[in-house]
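Trainee: Just dropping this structure here.
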Amino acid sequence: EGHCVAVADVKSGKEYPATVRNGEFVFVVDSAAPGEVRDFVVKVKDAPAAAAVEIVKQDAADAFDVVIAGTPFTTYTYSNDNRKPYLWPVLAEGGVHVTRDWPMGEKVATDDHVHQKSFWTAYGDINGVDCWGETGDKSGYQHSDAVAGGSGGAYGWISAQNTWQDKDHKPVIAESREYRFYNTPENMKMVDVQVTFTAAYGDAKFADTKEGGIVSLRMHDALREKGGTGAITNAEGLKGMEACWGKPSAWCDYSGALEGAGVRGIAVFDHPANLRHPSCWHVRDYGLMGANCFGLSHFTDGAENGDFTLENGESMTFSYRVFVHSGNVEEARVADRYADYATPPKAVWADAK
């Protein structure tokens, strides 16, 4: 089990819990300077320690709760009574909500775009089926076929097998996803999201539309750019919806002040291996932020076309990191955290001495 293993810094003796899973050995250190070399030793515990990241199935609902170092972080809800699964609430440092509560919880200020549920994955035109919107005559479903979760020392995970369906529940495309929730401090929570599409039911055409985000978030109403305190920033340093909407960028951040809590924000990092990296961003002043590499005609005023066909039997994978942070984009060092993601530290096994 992942929470039976830890690593210790040879110099300081400090221990870090680890997760061992699928042939990977993962641990999270508190700091590492560029070019720094550190030595660690693996320790196997006699008995399991309490998992630092707990993934807990709710008894009475199709949902998993995520608890990091004893503090609730989010819940993954996957009931097929809904059009699609989602993560809500998303709690930043101090237990404050950083995504919109409606329509799952109480309305604060807005009740537009009922399909924008906190933190989700969706796309608006696959073979003509809309798995983004929920009320149109082409609106389909993301059917949860199987969902599992596991706790660990360095991270816990939720994995799901889904079938995207048309309005009559006919299958369109197979999709699997995994969320990894890392054992990091409250002021810098990190979630890795991997989404794999497989054309299991014939060719699947992702048609050019702005209505989509393979990772999407709807910010808390108080964090909107329009009507709130929010600021949109991308990796090029552009600020505001007018500058950032539809532009390719390695990351996008949405941050603002919450009354009684201070500044909180969320950044989404686009992995360098993703299709058409750096992604374009469907980011709006009313609080939407989504990574969309397909809607190019909308983003380029018709100069490009983003249609993409996944051929029968083929798969493609998207990877992102979602960074829930305290402070603004500079204070949270979002650019540095992206560099950590894009070029992670290298680790090698050394011979025992």
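The chains in the structure tokens are called A, B, ... from first to last as shown; in each chain the residues are counted from 1, and the ligands are counted from 1 in the order shown.
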Which residues come within 8 Å of A:Glu311, counting only C-alpha atoms, excluding same-chain residues fewer than 2 positions away, as a list of chain:residue names?
Mentor: A:Ala199, A:Gly202, A:Asp203, A:Ala204, A:Thr309, A:Gly313, A:Glu314
Trainee: Any idea what's packed within 12 Å of A:Pro89, counting only C-alpha atoms, ignoring anything in its chain fewer than 3 positions away? Could you give it as an MDAnalysis selection string?
Mentor: chainID A and resid 64:66 72:77 86 92 95:106 117:120 217:220
Trainee: Quick one, how far is atom CA of A:Cys252 from atom CA of A:Gly240?
Mentor: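 Value for the atom CA of A:Cys252-atom CA of A:Gly240 distance: 10.7 Å.
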Trainee: Report the residues of stretch 224-310 of chain A whose backbone DSSP state falls under alpha helix (DSSP H), written as a PyMOL selection string.
Mentor: chain A and resi 241-244+296-299
Trainee: Deliver the residues from the most recent selection as a file, using all heavy atoms, as an mmCIF file, in the first residue's frame.
Mentor:
data_model
loop_
_atom_site.group_PDB
_atom_site.id
_atom_site.type_symbol
_atom_site.label_atom_id
_atom_site.label_comp_id
_atom_site.auth_asym_id
_atom_site.auth_seq_id
_atom_site.Cartn_x
_atom_site.Cartn_y
_atom_site.Cartn_z
ATOM 1 N N MET A 241 -10.248 39.303 -19.883
ATOM 2 C CA MET A 241 -10.886 38.462 -20.876
ATOM 3 C C MET A 241 -10.573 38.905 -22.295
ATOM 4 O O MET A 241 -10.291 38.077 -23.171
ATOM 5 C CB MET A 241 -12.403 38.450 -20.670
ATOM 6 C CG MET A 241 -13.142 37.566 -21.661
ATOM 7 S SD MET A 241 -14.940 37.626 -21.529
ATOM 8 C CE MET A 241 -15.273 39.222 -22.322
ATOM 9 N N GLU A 242 -10.621 40.205 -22.543
ATOM 10 C CA GLU A 242 -10.422 40.689 -23.908
ATOM 11 C C GLU A 242 -9.062 40.279 -24.453
ATOM 12 O O GLU A 242 -8.912 39.994 -25.642
ATOM 13 C CB GLU A 242 -10.576 42.209 -23.946
ATOM 14 C CG GLU A 242 -11.988 42.698 -23.676
ATOM 15 C CD GLU A 242 -12.994 42.184 -24.690
ATOM 16 O OE1 GLU A 242 -12.627 42.044 -25.885
ATOM 17 O OE2 GLU A 242 -14.138 41.899 -24.299
ATOM 18 N N ALA A 243 -8.057 40.235 -23.589
ATOM 19 C CA ALA A 243 -6.706 39.876 -24.022
ATOM 20 C C ALA A 243 -6.475 38.366 -24.048
ATOM 21 O O ALA A 243 -5.701 37.872 -24.873
ATOM 22 C CB ALA A 243 -5.670 40.535 -23.114
ATOM 23 N N CYS A 244 -7.147 37.624 -23.147
ATOM 24 C CA CYS A 244 -6.828 36.209 -22.959
ATOM 25 C C CYS A 244 -7.770 35.243 -23.662
ATOM 26 O O CYS A 244 -7.386 34.100 -23.938
ATOM 27 C CB CYS A 244 -6.815 35.875 -21.457
ATOM 28 S SG CYS A 244 -5.540 36.742 -20.503
ATOM 29 N N LEU A 296 -10.837 26.678 -32.983
ATOM 30 C CA LEU A 296 -9.910 27.641 -33.577
ATOM 31 C C LEU A 296 -10.587 28.676 -34.466
ATOM 32 O O LEU A 296 -10.153 29.835 -34.522
ATOM 33 C CB LEU A 296 -8.824 26.910 -34.363
ATOM 34 C CG LEU A 296 -7.945 25.949 -33.549
ATOM 35 C CD1 LEU A 296 -6.833 25.363 -34.424
ATOM 36 C CD2 LEU A 296 -7.341 26.642 -32.327
ATOM 37 N N SER A 297 -11.647 28.306 -35.168
ATOM 38 C CA SER A 297 -12.283 29.293 -36.038
ATOM 39 C C SER A 297 -12.873 30.443 -35.219
ATOM 40 O O SER A 297 -12.852 31.598 -35.656
ATOM 41 C CB SER A 297 -13.376 28.638 -36.886
ATOM 42 O OG SER A 297 -14.491 28.269 -36.096
ATOM 43 N N HIS A 298 -13.368 30.135 -34.040
ATOM 44 C CA HIS A 298 -13.919 31.167 -33.161
ATOM 45 C C HIS A 298 -12.808 32.028 -32.566
ATOM 46 O O HIS A 298 -12.971 33.241 -32.394
ATOM 47 C CB HIS A 298 -14.724 30.517 -32.037
ATOM 48 C CG HIS A 298 -15.863 29.676 -32.533
ATOM 49 N ND1 HIS A 298 -17.121 30.162 -32.743
ATOM 50 C CD2 HIS A 298 -15.900 28.353 -32.878
ATOM 51 C CE1 HIS A 298 -17.912 29.199 -33.179
ATOM 52 N NE2 HIS A 298 -17.187 28.086 -33.281
ATOM 53 N N PHE A 299 -11.682 31.387 -32.279
ATOM 54 C CA PHE A 299 -10.592 32.091 -31.609
ATOM 55 C C PHE A 299 -9.726 32.903 -32.571
ATOM 56 O O PHE A 299 -8.985 33.791 -32.140
ATOM 57 C CB PHE A 299 -9.711 31.090 -30.851
ATOM 58 C CG PHE A 299 -10.449 30.268 -29.829
ATOM 59 C CD1 PHE A 299 -10.072 28.960 -29.552
ATOM 60 C CD2 PHE A 299 -11.533 30.789 -29.134
ATOM 61 C CE1 PHE A 299 -10.748 28.195 -28.610
ATOM 62 C CE2 PHE A 299 -12.225 30.032 -28.184
ATOM 63 C CZ PHE A 299 -11.826 28.727 -27.929
#
Trainee: Excluding A:Gly124 and residues on its chain fewer than 4 positions from it, collect all residues at most 7 Å away from it, counting only C-alpha atoms, and give them as a list in words.
Mentor: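 My reading of the contact set: Val129, Asp130, Cys131, Trp132, Gly133, Thr209, Glu211 and Gly212 of chain A.
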Trainee: Okay, now the selection with C-alpha atoms, as an mmCIF file, in the first residue's frame?
Mentor:
data_model
loop_
_atom_site.group_PDB
_atom_site.id
_atom_site.type_symbol
_atom_site.label_atom_id
_atom_site.label_comp_id
_atom_site.auth_asym_id
_atom_site.auth_seq_id
_atom_site.Cartn_x
_atom_site.Cartn_y
_atom_site.Cartn_z
ATOM 1 C CA VAL A 129 -23.588 15.524 -30.132
ATOM 2 C CA ASP A 130 -23.412 18.244 -27.487
ATOM 3 C CA CYS A 131 -21.856 16.973 -24.250
ATOM 4 C CA TRP A 132 -21.215 20.558 -23.067
ATOM 5 C CA GLY A 133 -24.672 22.093 -22.874
ATOM 6 C CA THR A 209 -16.711 24.987 -31.493
ATOM 7 C CA GLU A 211 -18.296 25.479 -26.429
ATOM 8 C CA GLY A 212 -15.923 23.158 -24.656
#
Trainee: Need the shell around stretch 28-45 of chain A: protein/DNA/RNA residues with any atom at most 9 Å away, counting only C-alpha atoms. Skip same-chain ones fewer than 5 positions apart. Format as a list in words?
Mentor: His3, Cys4, Val5, Ala6, Val7, Ala8, Asp9, Val10, Lys11, Gly13, Glu15, Tyr16, Pro17, Ala18, Ala154, Tyr155, Tyr182, Asn183, Thr184, Pro185, Pro345 and Ala350 of chain A
Trainee: Using only C-alpha atoms, which residues of stretch 192-250 of chain A come within 6 Å of stretch 167-175 of chain A, and what is the closest atom pair for each, with the distance in Å to one decimal? Give it as a Markdown table, sorted by chain and residue number.
Mentor:
| residue | atom | partner | partner_atom | distance |
| --- | --- | --- | --- | --- |
| A:Thr196 | CA | A:Glu175 | CA | 5.5 |
| A:Phe197 | CA | A:Glu175 | CA | 4.5 |
| A:Thr198 | CA | A:Ala174 | CA | 5.1 |
| A:Ala199 | CA | A:Ile173 | CA | 5.4 |
| A:Ala200 | CA | A:Ile173 | CA | 6.0 |
Trainee: Taking only stretch 231-287 of chain A into account, list the residues labelled strand (DSSP E) by DSSP (computed from the backbone), as a short mmCIF file (atom, residue, chain, number, x, y, z; two decimals) with C-alpha atoms, in the first residue's frame.
Mentor:
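And here is the file that came out, part_17.cif:
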data_model
loop_
_atom_site.label_atom_id
_atom_site.label_comp_id
_atom_site.auth_asym_id
_atom_site.auth_seq_id
_atom_site.Cartn_x
_atom_site.Cartn_y
_atom_site.Cartn_z
CA ALA A 231 -8.34 38.90 -12.63
CA ILE A 232 -7.57 36.64 -15.60
CA THR A 233 -3.87 36.18 -16.43
CA ASN A 234 -2.11 33.89 -18.90
CA TRP A 251 -1.52 28.20 -18.57
CA CYS A 252 -4.37 30.42 -17.51
CA ASP A 253 -5.12 31.76 -14.02
CA TYR A 254 -8.24 33.27 -12.46
CA SER A 255 -7.72 34.94 -9.06
CA GLY A 256 -9.41 37.47 -6.84
CA ALA A 257 -10.26 38.49 -3.29
CA LEU A 258 -12.89 36.69 -1.20
CA GLY A 262 -8.09 37.15 1.19
CA VAL A 263 -6.95 36.40 -2.33
CA ARG A 264 -7.58 32.94 -3.75
CA GLY A 265 -7.30 31.59 -7.28
CA ILE A 266 -7.14 28.65 -9.64
CA ALA A 267 -4.69 28.05 -12.47
CA VAL A 268 -4.91 25.36 -15.15
CA PHE A 269 -1.68 24.07 -16.68
CA ASP A 270 -1.65 22.60 -20.20
CA TRP A 281 -8.65 29.23 -23.55
CA HIS A 282 -12.40 29.65 -23.40
CA VAL A 283 -12.16 32.10 -20.49
#
